[in-house]
Each structure stands twice: as C-alpha cells, then as structure tokens.
file upload23.cif (mmCIF, C-alpha atoms)
data_entry
#
loop_
_atom_site.label_atom_id
_atom_site.label_comp_id
_atom_site.auth_asym_id
_atom_site.auth_seq_id
_atom_site.Cartn_x
_atom_site.Cartn_y
_atom_site.Cartn_z
CA MET A 1 10.81 94.04 22.33
CA LYS A 2 8.31 91.28 21.64
CA SER A 3 9.70 87.77 22.11
CA PRO A 4 9.49 85.36 19.13
CA LYS A 5 6.67 82.90 19.01
CA SER A 6 7.55 79.39 20.12
CA ILE A 7 6.80 76.29 18.09
CA ALA A 8 7.16 72.58 18.86
CA PHE A 9 7.13 69.62 16.48
CA HIS A 10 6.28 65.94 16.78
CA THR A 11 6.74 63.48 13.92
CA PHE A 12 5.08 60.11 13.48
CA GLY A 13 6.14 57.55 10.89
CA CYS A 14 8.77 57.27 8.22
CA LYS A 15 12.04 59.04 7.48
CA VAL A 16 10.34 60.99 4.70
CA ASN A 17 8.06 62.51 7.33
CA GLN A 18 11.06 63.22 9.54
CA TYR A 19 12.80 65.07 6.72
CA GLU A 20 9.69 67.10 5.92
CA THR A 21 9.44 68.11 9.58
CA GLU A 22 13.05 69.29 9.42
CA GLU A 23 12.21 71.32 6.31
CA LEU A 24 9.40 73.07 8.17
CA ARG A 25 11.56 73.54 11.26
CA THR A 26 14.17 75.28 9.07
CA GLN A 27 11.53 77.57 7.58
CA MET A 28 10.15 78.51 10.99
CA ARG A 29 13.61 79.22 12.40
CA LEU A 30 14.49 81.48 9.47
CA GLY A 31 11.14 83.19 10.05
CA GLY A 32 12.18 84.14 13.58
CA PHE A 33 10.30 81.48 15.55
CA GLU A 34 11.79 79.86 18.65
CA ILE A 35 11.97 76.08 18.29
CA VAL A 36 11.12 74.30 21.56
CA SER A 37 10.60 70.69 22.62
CA MET A 38 7.19 69.06 22.92
CA ASP A 39 7.39 68.83 26.71
CA VAL A 40 7.27 72.61 27.28
CA PRO A 41 4.44 75.10 26.61
CA ALA A 42 4.51 76.47 23.05
CA ASP A 43 2.47 78.96 21.07
CA ILE A 44 2.14 76.47 18.21
CA TYR A 45 2.32 72.68 18.04
CA VAL A 46 2.81 70.96 14.69
CA ILE A 47 2.08 67.23 14.42
CA ASN A 48 3.33 65.48 11.28
CA SER A 49 1.13 62.40 11.16
CA CYS A 50 1.41 58.89 9.76
CA SER A 51 -1.49 56.75 8.54
CA VAL A 52 0.18 53.52 7.52
CA THR A 53 -1.71 51.61 10.25
CA ALA A 54 -4.75 52.13 12.46
CA ASP A 55 -2.37 52.32 15.42
CA ALA A 56 -0.60 55.28 13.78
CA ASP A 57 -3.92 57.12 13.46
CA SER A 58 -4.77 56.33 17.08
CA SER A 59 -1.43 57.62 18.35
CA CYS A 60 -1.96 60.91 16.54
CA ARG A 61 -5.46 61.36 17.97
CA GLN A 62 -4.18 60.55 21.46
CA LEU A 63 -1.51 63.24 21.23
CA MET A 64 -3.97 65.78 19.85
CA ARG A 65 -6.42 65.14 22.70
CA LYS A 66 -3.59 65.63 25.19
CA LEU A 67 -2.59 68.95 23.61
CA LEU A 68 -6.20 70.12 23.40
CA ARG A 69 -6.59 69.42 27.10
CA GLU A 70 -3.25 70.73 28.38
CA GLN A 71 -2.57 73.66 26.01
CA PRO A 72 -5.90 75.50 25.66
CA LYS A 73 -4.37 78.67 24.18
CA SER A 74 -1.98 77.12 21.66
CA ARG A 75 -2.49 76.72 17.92
CA LEU A 76 -2.60 73.05 16.92
CA VAL A 77 -1.57 72.06 13.39
CA VAL A 78 -1.80 68.54 11.96
CA THR A 79 -0.22 67.60 8.66
CA GLY A 80 1.07 64.39 7.04
CA CYS A 81 -0.61 61.27 5.73
CA TYR A 82 -3.45 61.10 8.27
CA ALA A 83 -4.28 64.73 7.49
CA GLU A 84 -4.26 63.89 3.79
CA ARG A 85 -6.38 60.74 4.18
CA ALA A 86 -9.04 61.92 6.63
CA PRO A 87 -8.94 65.71 7.19
CA ASP A 88 -12.57 65.92 8.31
CA GLU A 89 -12.01 63.22 10.91
CA LEU A 90 -9.31 65.38 12.51
CA ARG A 91 -11.32 68.61 12.25
CA GLU A 92 -14.24 66.92 14.02
CA MET A 93 -12.03 66.49 17.09
CA SER A 94 -11.94 70.24 17.67
CA SER A 95 -12.40 73.52 15.82
CA ARG A 96 -8.94 74.46 17.12
CA ILE A 97 -7.20 71.89 14.93
CA GLU A 98 -5.80 73.27 11.66
CA VAL A 99 -5.34 70.55 9.05
CA PHE A 100 -2.85 70.59 6.16
CA GLY A 101 -2.60 67.54 3.88
CA ASN A 102 0.69 66.41 2.37
CA HIS A 103 0.13 68.52 -0.72
CA GLU A 104 -0.42 71.54 1.54
CA LYS A 105 2.77 71.17 3.59
CA PRO A 106 4.56 73.90 1.59
CA MET A 107 1.85 76.33 2.73
CA ILE A 108 2.21 75.76 6.49
CA ALA A 109 5.06 78.17 7.21
CA THR A 110 3.34 81.04 5.37
CA ALA A 111 0.04 80.28 7.12
CA LEU A 112 1.83 80.50 10.47
CA GLY A 113 3.35 83.89 9.68
CA VAL A 114 6.72 83.20 8.05
CA PRO A 115 7.52 85.76 5.32
CA THR A 116 7.67 84.38 1.78
CA ALA A 117 11.31 85.45 1.48
CA CYS A 118 12.24 83.21 4.41
CA VAL A 119 10.40 80.25 2.89
CA GLU A 120 12.26 80.79 -0.39
CA ALA A 121 15.58 81.13 1.44
CA ALA A 122 14.93 77.83 3.24
CA ALA A 123 14.24 76.12 -0.09
CA LYS A 124 17.63 77.29 -1.38
CA SER A 125 19.60 76.45 1.75
CA GLY A 126 18.07 73.01 2.35
CA VAL A 127 17.53 71.55 5.80
CA THR A 128 19.58 73.27 8.50
CA ALA A 129 17.62 72.73 11.75
CA LEU A 130 18.35 69.10 12.48
CA ALA A 131 17.07 67.46 15.65
CA ASP A 132 19.59 64.61 15.30
CA ARG A 133 23.10 65.94 15.75
CA THR A 134 24.93 62.89 14.39
CA ARG A 135 23.10 61.97 11.19
CA ALA A 136 21.08 63.92 8.65
CA TYR A 137 18.18 62.85 6.46
CA ILE A 138 17.83 64.04 2.88
CA LYS A 139 14.62 63.34 0.98
CA ILE A 140 15.38 62.69 -2.68
CA GLN A 141 12.04 61.27 -3.85
CA ASP A 142 8.37 61.22 -2.89
CA GLY A 143 5.28 59.30 -3.92
CA CYS A 144 4.28 55.73 -4.79
CA ASP A 145 2.17 54.18 -7.55
CA ALA A 146 2.55 50.51 -6.59
CA HIS A 147 -0.97 50.03 -5.14
CA CYS A 148 -0.21 47.11 -2.85
CA THR A 149 -3.58 45.90 -1.61
CA TYR A 150 -2.87 46.65 2.07
CA CYS A 151 -1.36 50.11 1.66
CA ILE A 152 -2.95 53.56 1.83
CA ILE A 153 0.23 55.46 0.84
CA PRO A 154 -0.52 55.70 -2.93
CA SER A 155 -3.74 57.49 -1.95
CA VAL A 156 -2.01 60.06 0.27
CA ARG A 157 1.28 60.41 -1.67
CA PRO A 158 0.22 59.52 -5.23
CA ASP A 159 2.64 61.60 -7.31
CA LEU A 160 6.16 60.34 -8.00
CA VAL A 161 8.38 63.40 -7.62
CA CYS A 162 12.19 63.57 -7.53
CA ARG A 163 14.32 66.44 -6.27
CA ALA A 164 16.88 67.98 -8.59
CA ALA A 165 20.26 66.27 -8.28
CA ASP A 166 22.15 69.57 -7.96
CA LEU A 167 20.04 70.53 -4.92
CA ILE A 168 20.67 67.14 -3.28
CA LEU A 169 24.40 67.43 -3.87
CA GLU A 170 24.49 71.01 -2.60
CA GLU A 171 22.56 70.08 0.54
CA THR A 172 24.86 67.12 1.18
CA ARG A 173 28.00 69.26 0.82
CA ALA A 174 26.57 71.77 3.30
CA LEU A 175 25.71 69.07 5.84
CA VAL A 176 29.14 67.45 5.54
CA ALA A 177 30.76 70.87 5.97
CA ARG A 178 28.76 71.33 9.18
CA GLY A 179 30.19 68.10 10.54
CA PHE A 180 27.51 65.50 9.90
CA LYS A 181 29.08 62.08 9.48
CA GLU A 182 26.11 60.11 8.18
CA ILE A 183 23.69 61.16 5.44
CA VAL A 184 20.56 59.00 5.17
CA LEU A 185 18.82 59.13 1.80
CA THR A 186 15.05 58.79 2.08
CA GLY A 187 12.13 58.41 -0.27
CA VAL A 188 8.87 56.53 -0.52
CA ARG A 189 10.27 54.65 -3.53
CA LEU A 190 13.96 55.43 -3.19
CA GLY A 191 15.09 53.36 -6.17
CA ARG A 192 12.70 55.16 -8.50
CA TYR A 193 14.83 58.29 -8.28
CA HIS A 194 15.42 59.88 -11.68
CA ASP A 195 16.29 63.44 -12.62
CA GLU A 196 16.39 63.94 -16.36
CA PRO A 197 18.39 63.61 -18.44
CA GLN A 198 21.49 61.99 -16.90
CA TRP A 199 20.67 61.34 -13.24
CA ASP A 200 19.38 57.95 -12.17
CA PHE A 201 19.75 56.54 -8.64
CA ALA A 202 23.16 54.98 -9.28
CA ALA A 203 24.54 58.16 -10.86
CA LEU A 204 23.32 60.20 -7.91
CA LEU A 205 25.01 57.85 -5.44
CA GLU A 206 28.28 57.94 -7.39
CA ALA A 207 28.25 61.74 -7.26
CA LEU A 208 27.44 61.74 -3.53
CA VAL A 209 30.26 59.40 -2.51
CA ALA A 210 32.65 61.53 -4.61
CA ILE A 211 32.03 64.53 -2.34
CA PRO A 212 35.19 65.15 -0.27
CA GLY A 213 34.97 64.53 3.47
CA ASP A 214 34.86 61.92 6.20
CA PHE A 215 31.24 60.76 6.07
CA ARG A 216 29.08 57.86 4.99
CA ILE A 217 25.86 57.46 3.01
CA ARG A 218 23.09 55.16 4.25
CA LEU A 219 20.05 54.13 2.23
CA SER A 220 16.60 53.88 3.77
CA SER A 221 14.07 51.32 2.53
CA ILE A 222 14.44 50.24 -1.11
CA GLU A 223 12.48 47.64 -3.10
CA MET A 224 14.50 44.66 -4.29
CA THR A 225 13.41 45.22 -7.92
CA GLU A 226 14.62 48.83 -7.72
CA LEU A 227 18.09 48.09 -6.37
CA PRO A 228 20.33 47.97 -9.47
CA ASP A 229 23.53 45.96 -9.81
CA SER A 230 25.49 49.22 -10.15
CA VAL A 231 24.43 50.28 -6.64
CA ILE A 232 25.33 46.86 -5.22
CA ALA A 233 28.75 47.16 -6.87
CA LEU A 234 29.22 50.63 -5.39
CA ALA A 235 28.45 49.32 -1.89
CA ALA A 236 31.07 46.62 -2.40
CA SER A 237 33.76 49.00 -3.66
CA ASN A 238 33.27 52.33 -1.88
CA PRO A 239 33.31 52.47 1.95
CA LYS A 240 31.29 55.70 1.94
CA LEU A 241 28.17 53.75 0.95
CA CYS A 242 27.09 51.68 3.95
CA PRO A 243 26.88 47.92 3.23
CA PHE A 244 23.34 47.87 4.61
CA PHE A 245 20.14 47.34 2.64
CA HIS A 246 16.64 47.47 4.07
CA ILE A 247 14.57 45.55 1.50
CA PRO A 248 10.84 45.01 2.17
CA LEU A 249 9.78 41.36 2.02
CA GLN A 250 6.24 41.47 3.53
CA SER A 251 5.75 37.70 3.12
CA GLY A 252 7.78 34.65 2.16
CA ASN A 253 4.76 32.87 0.66
CA ASP A 254 3.81 33.32 -3.01
CA GLU A 255 0.05 33.16 -2.50
CA ILE A 256 0.17 35.81 0.23
CA LEU A 257 2.42 37.99 -1.93
CA LYS A 258 -0.18 37.80 -4.72
CA ARG A 259 -2.96 38.73 -2.32
CA MET A 260 -0.84 41.66 -1.16
CA GLY A 261 -0.39 42.87 -4.74
CA ARG A 262 3.39 42.49 -4.55
CA TRP A 263 5.13 42.05 -7.89
CA TYR A 264 7.72 39.35 -7.14
CA SER A 265 7.80 35.78 -5.88
CA ALA A 266 9.53 34.51 -2.76
CA GLU A 267 12.12 32.75 -4.94
CA GLN A 268 12.86 35.94 -6.88
CA TYR A 269 13.38 37.72 -3.57
CA ARG A 270 15.72 34.95 -2.36
CA GLU A 271 17.75 35.12 -5.57
CA ARG A 272 18.20 38.88 -5.29
CA ILE A 273 19.24 38.62 -1.65
CA ARG A 274 21.78 35.92 -2.50
CA THR A 275 23.22 38.05 -5.29
CA ILE A 276 23.72 40.94 -2.87
CA LYS A 277 25.37 38.64 -0.30
CA GLN A 278 27.74 37.25 -2.93
CA ARG A 279 28.84 40.69 -4.09
CA VAL A 280 29.01 42.70 -0.85
CA PRO A 281 31.20 41.21 1.91
CA GLU A 282 29.41 40.86 5.27
CA VAL A 283 26.45 42.86 3.97
CA ALA A 284 23.68 43.65 6.45
CA LEU A 285 20.17 42.86 5.24
CA SER A 286 17.00 44.09 6.90
CA ALA A 287 13.39 43.44 5.93
CA ASP A 288 9.84 44.58 6.62
CA VAL A 289 7.34 41.79 7.24
CA ILE A 290 3.56 42.02 7.56
CA VAL A 291 2.23 39.44 10.02
CA GLY A 292 -1.31 38.11 9.89
CA PHE A 293 -2.35 39.27 6.42
CA ALA A 294 -5.64 37.90 5.14
CA GLY A 295 -5.27 34.22 4.25
CA GLU A 296 -2.07 33.66 6.22
CA GLY A 297 -2.16 30.31 7.99
CA GLU A 298 0.63 28.73 9.99
CA PRO A 299 2.31 27.21 6.87
CA GLU A 300 2.36 30.59 5.12
CA PHE A 301 3.75 32.28 8.22
CA LEU A 302 6.47 29.65 8.50
CA ASP A 303 7.44 30.26 4.86
CA THR A 304 8.32 33.82 5.90
CA VAL A 305 10.19 32.69 9.01
CA ASN A 306 12.18 30.13 7.03
CA LEU A 307 13.17 32.60 4.33
CA LEU A 308 14.47 35.09 6.90
CA GLN A 309 16.39 32.39 8.78
CA ASP A 310 17.81 30.77 5.64
CA GLU A 311 19.15 34.02 4.21
CA GLY A 312 20.71 35.32 7.41
CA PHE A 313 19.00 38.69 7.84
CA SER A 314 20.51 41.12 10.33
CA ARG A 315 17.18 42.48 11.53
CA VAL A 316 13.44 42.16 10.91
CA HIS A 317 10.77 44.84 11.25
CA ALA A 318 7.48 43.09 12.00
CA PHE A 319 4.16 44.86 11.43
CA ARG A 320 0.91 43.31 12.60
CA TYR A 321 -1.58 43.65 9.76
CA SER A 322 -4.54 45.94 10.36
CA ILE A 323 -7.24 46.67 7.81
CA ARG A 324 -6.98 50.16 6.30
CA PRO A 325 -10.31 51.54 5.10
CA GLY A 326 -10.11 52.44 1.43
CA THR A 327 -7.63 49.70 0.48
CA SER A 328 -8.56 46.73 -1.68
CA ALA A 329 -7.36 44.30 1.00
CA GLU A 330 -10.32 45.45 3.08
CA ARG A 331 -12.52 43.32 0.82
CA LEU A 332 -10.43 40.14 1.09
CA SER A 333 -11.76 37.07 2.88
CA ALA A 334 -10.06 34.83 5.47
CA HIS A 335 -8.92 37.56 7.81
CA VAL A 336 -6.74 36.28 10.64
CA ASP A 337 -7.95 36.17 14.25
CA PRO A 338 -6.39 39.10 16.21
CA ARG A 339 -5.10 36.73 18.88
CA ILE A 340 -3.25 34.69 16.27
CA LYS A 341 -1.81 37.86 14.74
CA SER A 342 -0.54 38.95 18.15
CA GLU A 343 1.03 35.56 18.82
CA ARG A 344 2.77 35.48 15.43
CA THR A 345 3.98 39.04 15.88
CA ARG A 346 5.60 38.05 19.17
CA ARG A 347 7.34 35.17 17.42
CA MET A 348 8.58 37.46 14.67
CA VAL A 349 9.88 39.98 17.21
CA ALA A 350 11.71 37.13 18.94
CA LEU A 351 13.20 36.11 15.58
CA ASP A 352 14.37 39.71 15.09
CA ARG A 353 16.28 39.53 18.39
CA VAL A 354 17.93 36.28 17.32
CA CYS A 355 18.85 37.70 13.89
CA ARG A 356 20.40 40.84 15.40
CA ARG A 357 22.44 38.87 17.88
CA LYS A 358 23.70 36.32 15.35
CA PHE A 359 24.72 39.05 12.93
CA ALA A 360 26.46 41.07 15.65
CA GLU A 361 28.46 38.00 16.68
CA ARG A 362 30.16 38.04 13.28
CA PHE A 363 32.06 41.18 14.28
CA LEU A 364 33.46 40.07 17.62
CA ASN A 365 37.24 40.52 17.70
CA LYS A 366 37.09 42.46 14.41
CA SER A 367 37.67 46.17 13.91
CA VAL A 368 34.43 48.13 13.48
CA THR A 369 33.67 51.82 13.04
CA VAL A 370 30.87 53.41 15.07
CA LEU A 371 29.26 56.82 14.80
CA GLN A 372 29.31 58.10 18.41
CA GLU A 373 25.99 59.34 19.84
CA SER A 374 25.33 61.41 22.95
CA ASN A 375 24.47 58.39 25.11
CA GLY A 376 27.78 56.65 24.49
CA LYS A 377 26.27 54.26 21.97
CA GLY A 378 26.15 54.30 18.20
CA TYR A 379 25.81 52.26 15.03
CA THR A 380 28.39 50.62 12.81
CA GLU A 381 28.24 51.07 9.05
CA ARG A 382 26.21 47.82 8.98
CA TYR A 383 23.72 49.24 11.49
CA VAL A 384 24.86 47.08 14.38
CA ARG A 385 24.35 48.75 17.76
CA ALA A 386 27.54 49.27 19.75
CA ASP A 387 28.49 50.79 23.12
CA VAL A 388 31.74 52.73 22.93
CA GLY A 389 31.27 54.84 26.08
CA PHE A 390 31.51 58.60 26.55
CA THR A 391 35.24 59.02 25.93
CA HIS A 392 34.74 60.24 22.37
CA PRO A 393 33.03 63.40 21.08
CA GLU A 394 29.45 63.09 19.93
CA GLY A 395 29.19 62.85 16.15
CA SER A 396 32.66 61.40 15.66
CA PHE A 397 33.71 58.09 14.14
CA VAL A 398 35.18 55.66 16.66
CA THR A 399 37.05 52.52 15.61
CA PHE A 400 37.37 49.70 18.14
CA VAL A 401 37.50 45.91 18.43
CA PRO A 402 34.50 44.49 20.31
CA SER A 403 35.20 41.46 22.45
CA GLN A 404 31.68 40.63 23.67
CA LEU A 405 27.98 41.33 23.33
CA SER A 406 25.89 43.05 25.97
CA PRO A 407 22.69 41.34 27.20
CA GLU A 408 20.85 43.50 24.61
CA GLY A 409 23.10 42.20 21.84
CA HIS A 410 25.21 45.36 21.47
CA LEU A 411 28.89 45.21 20.58
CA VAL A 412 31.08 46.21 23.55
CA ALA A 413 34.83 46.28 24.17
#
call {"tool": "encode", "arguments": {"input": "upload23.cif", "output": "structure tokens"}}
result
Amino acid sequence: MKSPKSIAFHTFGCKVNQYETEELRTQMRLGGFEIVSMDVPADIYVINSCSVTADADSSCRQLMRKLLREQPKSRLVVTGCYAERAPDELREMSSRIEVFGNHEKPMIATALGVPTACVEAAAKSGVTALADRTRAYIKIQDGCDAHCTYCIIPSVRPDLVCRAADLILEETRALVARGFKEIVLTGVRLGRYHDEPQWDFAALLEALVAIPGDFRIRLSSIEMTELPDSVIALAASNPKLCPFFHIPLQSGNDEILKRMGRWYSAEQYRERIRTIKQRVPEVALSADVIVGFAGEGEPEFLDTVNLLQDEGFSRVHAFRYSIRPGTSAERLSAHVDPRIKSERTRRMVALDRVCRRKFAERFLNKSVTVLQESNGKGYTERYVRADVGFTHPEGSFVTFVPSQLSPEGHLVA
C-alpha cells in the first residue's frame, strides 16, 4: 500500500495568515496527506508569506533558498501576500517554485491532489487541524480599503469580505466541544465585520459569548474607530470576552498621522483609550507603533512615547518603518536615517518592556486565571505572561495568586 504524501507548512505574518494555513492544513489532512513539521523531509512544502515589510519578504526568500538547496526533490509552494504582490519575483528564484496569490489560496489543495469532495467537506467542518493545542484562531473578515500611505495590504487583500455568522458560530461550538479554551477572532479589519441583515460585530460577539462552555474569546487587532461602545460594554460585563484590546496607534503626532494617511488625531485616540479604561476595569491595552516614518524627528517620536506612557499601555509592538514599493509613502520626502530608526526602535522596545512589567505588577497578590501551555507558562485573560509550572494539564484554566515577577516580567507564585 502506497504511503500518503507528506506536507509541511510555514506561516509568516498575521493571525489571518495563520488561520488560512490551518484551513489548508485541514483540507490536506482530509485529502489523505500526512502533515509533518518543517524540520523533516517532506514531499511538499507550503510557505504562507507576508509582505507587510521588506524584512518579511527577505525572510520568505531566505527560507525558499534553504528549501531549494536542501530538498531538491520536493514541491515548493508559496502563497500569501508576497505571492500576491510580486509573483514573478518569486518565480524568478526557481522554476520549482509554484506561486498562488491570496485570491488563489482556495485552489491550492485541489492543485496538490486533494479531491474536490474533501475540499468541500473542509469548508463545512471549519478548521480542525490546529497547530496550537490551547487556543484556536477563527477568521471572520478579510480585506482592507483604508489605503494608509505606508501599507501594501489594500493592494494584496483589497476586497472586504465577511464570513457568514452561522458558520463562525458553528465552528466555534465545534472547537469548544473539542476542548479549546481560547478562541481568537481575526480579520484584517476586524471591526468592519457585517453579515446582512442582522449581524454586526457586536451582535456576533454577543452570540459567541452565549455559547455554553468554559472558554474565552480574545480579539486580535481592531481599529479604535471600529470598536463600538457595545463591544466595550460587553468586555466589562461578560468574563468570556477578554478585557484586552490591541488598538493600532502608529504615531502619537498629528502631522505624522496625516502623512501616514490615518484618519484620526492623537487626541481622538487618547479620548477613545480613556473611555475604554473608564468602562472596563483593569483593561489591557496594546498598540502597534511605526518608528522612523518619513518626517519623524525627535519631537514627533517623543509625542508617541509620551502618549503610550501617559495612557498606561500594557504592551507596545514597535515596527521600524521600511519603504514598500508601490505605496504612496514611497514618494514622501524627509526619510529618516536608518541609524536613527534603529536607535528609536531600541528605545521603543525598551519602553515595551517597562509597560509590560508595570502592568503585570498590578496583579501581584491578586487572583488571576491562566490558560496552561505545554511549557508550564500561559497567558491571563489580559494577556499577561505567567509561569504556573507543569502541575496542570495543558489547555486547562489555572487560577492562582502571583506573589512576584520573574526577571522577564512574568507572574509567578
């Protein structure tokens, strides 16, 4: 009897990409393929690429060159945003590379030999082959039409598409029944979710938290103008919705925000953050920040630092700005010296460490609930890292009272 073909996956980038990899993994498993890790020989390697920065493109090319060199007989498939943005660039690396853009992702399983019936069955069942055994991602929305000047995403994911609410609810029920304790909702513009006629984002969340079971819902990145009061109220009143919001800031300076094509001022952002803090007790707030955008001097950079410090963020994700060909920011003047960008990025990373530690200190000698992971660590509902040891089963909720912080800033007993 012929053994099934083996296939390995590697995902770069956002949670939307991670979910789409899981979709494909489910299709391949139903089609009889053996799923293996990237560090063993496989018949097929699938790389789901990111193209949000030049570094993301470089990392993908580096991995492809490694596979071309070390796996001369394997099929190599590249999909994702890099494949959508520059397919010819990838094909020029080798005739062995098969390229599928984002809009072609639904065709990959069939192209690799999965029967159509299996692909259709996977669409009905939802994601089943999860790499993470403690939390599950569910993509509810795709696409962006914001056209921020620095961003390539509207070019590679231009269509705003929302999944049917009944499919999201069915998939969530199945994952909860299988024992998953945390469901992470993902989307490029999460707050733009809308499924006619009655389902908006708040209605979907209300239906999700009403599902019976011991689990929690976490939101991925959401724009501050797309986070309605009804969702904030739900986070304050229902413990199933994690009191954690990751809200992109990008800059705390109005002139830089205008150059970025963002649609709010720094003061409007502050006001929204303060409203959330007033309504949700001990809420955790996280932000994306772009460091070294064109025109950013030291005063503009400090405006961002001051906003983050003033408002008590729990963590900061700093991205060093790099010019993306094809974006309007490419044509801006006053680009920042790379050495200055690197220095400011280091300062922002240091601020992130301070923010995480200060926020974690709030929960010393208080009861917290952690989702246990395989390494003995986990995250609280507010996304604070904690070390609860190996005495509890993986994927279970553990409640304990931390008495100190580790050198890394983790909560420990």
call {"tool": "closest_residue", "arguments": {"input": "upload23.cif", "among": "A:Ala284, A:Ser230, A:Val412, A:Ser333", "to": "Cys355 of chain A", "atoms": "all atoms listed in the file"}}
result
A:Ala284
call {"tool": "atom_distance", "arguments": {"input": "upload23.cif", "atom1": "atom CA of Pro72 of chain A", "atom2": "atom CA of Asn102 of chain A"}}
result
25.9 Å
call {"tool": "resolve_selection", "arguments": {"input": "upload23.cif", "expression": "the PyMOL selection byres ((chain A and resi 190-193) around 8)", "output": "list in words"}}
result
Ile140, Gln141, Cys162, Leu185, Thr186, Gly187, Val188, Arg189, His194, Asp195, Asp200, Phe201, Ser220, Ser221, Ile222, Glu223, Glu226 and Leu227 of chain A
call {"tool": "write_last_selection", "arguments": {"input": "upload23.cif", "atoms": "C-alpha atoms", "output": "PDB file, in the frame of the given file"}}
result
ATOM      1  CA  ILE A 140      15.380  62.690  -2.680  1.00  0.00           C
ATOM      2  CA  GLN A 141      12.040  61.270  -3.850  1.00  0.00           C
ATOM      3  CA  CYS A 162      12.190  63.570  -7.530  1.00  0.00           C
ATOM      4  CA  LEU A 185      18.820  59.130   1.800  1.00  0.00           C
ATOM      5  CA  THR A 186      15.050  58.790   2.080  1.00  0.00           C
ATOM      6  CA  GLY A 187      12.130  58.410  -0.270  1.00  0.00           C
ATOM      7  CA  VAL A 188       8.870  56.530  -0.520  1.00  0.00           C
ATOM      8  CA  ARG A 189      10.270  54.650  -3.530  1.00  0.00           C
ATOM      9  CA  HIS A 194      15.420  59.880 -11.680  1.00  0.00           C
ATOM     10  CA  ASP A 195      16.290  63.440 -12.620  1.00  0.00           C
ATOM     11  CA  ASP A 200      19.380  57.950 -12.170  1.00  0.00           C
ATOM     12  CA  PHE A 201      19.750  56.540  -8.640  1.00  0.00           C
ATOM     13  CA  SER A 220      16.600  53.880   3.770  1.00  0.00           C
ATOM     14  CA  SER A 221      14.070  51.320   2.530  1.00  0.00           C
ATOM     15  CA  ILE A 222      14.440  50.240  -1.110  1.00  0.00           C
ATOM     16  CA  GLU A 223      12.480  47.640  -3.100  1.00  0.00           C
ATOM     17  CA  GLU A 226      14.620  48.830  -7.720  1.00  0.00           C
ATOM     18  CA  LEU A 227      18.090  48.090  -6.370  1.00  0.00           C
TER      19      LEU A 227
END
call {"tool": "resolve_selection", "arguments": {"input": "upload23.cif", "expression": "the PyMOL selection byres ((chain A and resi 174) around 12)", "output": "PyMOL selection string"}}
result
chain A and resi 124-128+136+138+167-173+175-181+183+211-213
call {"tool": "closest_residue", "arguments": {"input": "upload23.cif", "among": "A:Tyr137, A:Trp199, A:Tyr269, A:Tyr45", "to": "Asp166 of chain A", "atoms": "all atoms listed in the file"}}
result
A:Trp199
call {"tool": "atom_distance", "arguments": {"input": "upload23.cif", "atom1": "atom CA of Leu208 of chain A", "atom2": "atom CA of Ser367 of chain A"}}
result
25.5 Å
call {"tool": "atom_distance", "arguments": {"input": "upload23.cif", "atom1": "atom CA of Ala233 of chain A", "atom2": "atom CA of Arg279 of chain A"}}
result
7.0 Å
call {"tool": "build_atoms", "arguments": {"input": "upload23.cif", "residues": "segment 81-86 of chain A", "atoms": "all heavy atoms", "output": "compact mmCIF listing (two decimals), in the coordinates of the input"}}
result
# COMPACT_ATOMS: atom_id res chain seq x y z
N CYS A 81 0.23 62.21 6.46
CA CYS A 81 -0.61 61.27 5.73
C CYS A 81 -2.01 61.11 6.32
O CYS A 81 -2.98 60.91 5.60
CB CYS A 81 0.10 59.92 5.64
SG CYS A 81 1.55 59.94 4.56
N TYR A 82 -2.13 61.16 7.65
CA TYR A 82 -3.45 61.10 8.27
C TYR A 82 -4.26 62.33 7.87
O TYR A 82 -5.45 62.25 7.53
CB TYR A 82 -3.29 61.02 9.78
CG TYR A 82 -4.55 60.71 10.58
CD1 TYR A 82 -5.77 60.47 9.98
CD2 TYR A 82 -4.49 60.65 11.98
CE1 TYR A 82 -6.90 60.18 10.72
CE2 TYR A 82 -5.61 60.36 12.73
CZ TYR A 82 -6.82 60.14 12.10
OH TYR A 82 -7.93 59.86 12.85
N ALA A 83 -3.60 63.48 7.88
CA ALA A 83 -4.28 64.73 7.49
C ALA A 83 -4.69 64.70 6.02
O ALA A 83 -5.72 65.29 5.65
CB ALA A 83 -3.36 65.92 7.76
N GLU A 84 -3.92 64.02 5.20
CA GLU A 84 -4.26 63.89 3.79
C GLU A 84 -5.41 62.90 3.60
O GLU A 84 -6.32 63.14 2.80
CB GLU A 84 -3.04 63.43 3.00
CG GLU A 84 -3.26 63.30 1.50
CD GLU A 84 -3.30 64.65 0.80
OE1 GLU A 84 -2.73 65.63 1.32
OE2 GLU A 84 -3.92 64.72 -0.29
N ARG A 85 -5.39 61.81 4.35
CA ARG A 85 -6.38 60.74 4.18
C ARG A 85 -7.74 61.09 4.75
O ARG A 85 -8.78 60.82 4.14
CB ARG A 85 -5.87 59.45 4.83
CG ARG A 85 -6.79 58.26 4.65
CD ARG A 85 -6.31 57.04 5.42
NE ARG A 85 -6.40 57.22 6.86
CZ ARG A 85 -7.52 57.08 7.56
NH1 ARG A 85 -8.65 56.77 6.95
NH2 ARG A 85 -7.52 57.24 8.87
N ALA A 86 -7.77 61.71 5.94
CA ALA A 86 -9.04 61.92 6.63
C ALA A 86 -9.05 63.29 7.32
O ALA A 86 -9.13 63.37 8.55
CB ALA A 86 -9.29 60.81 7.64
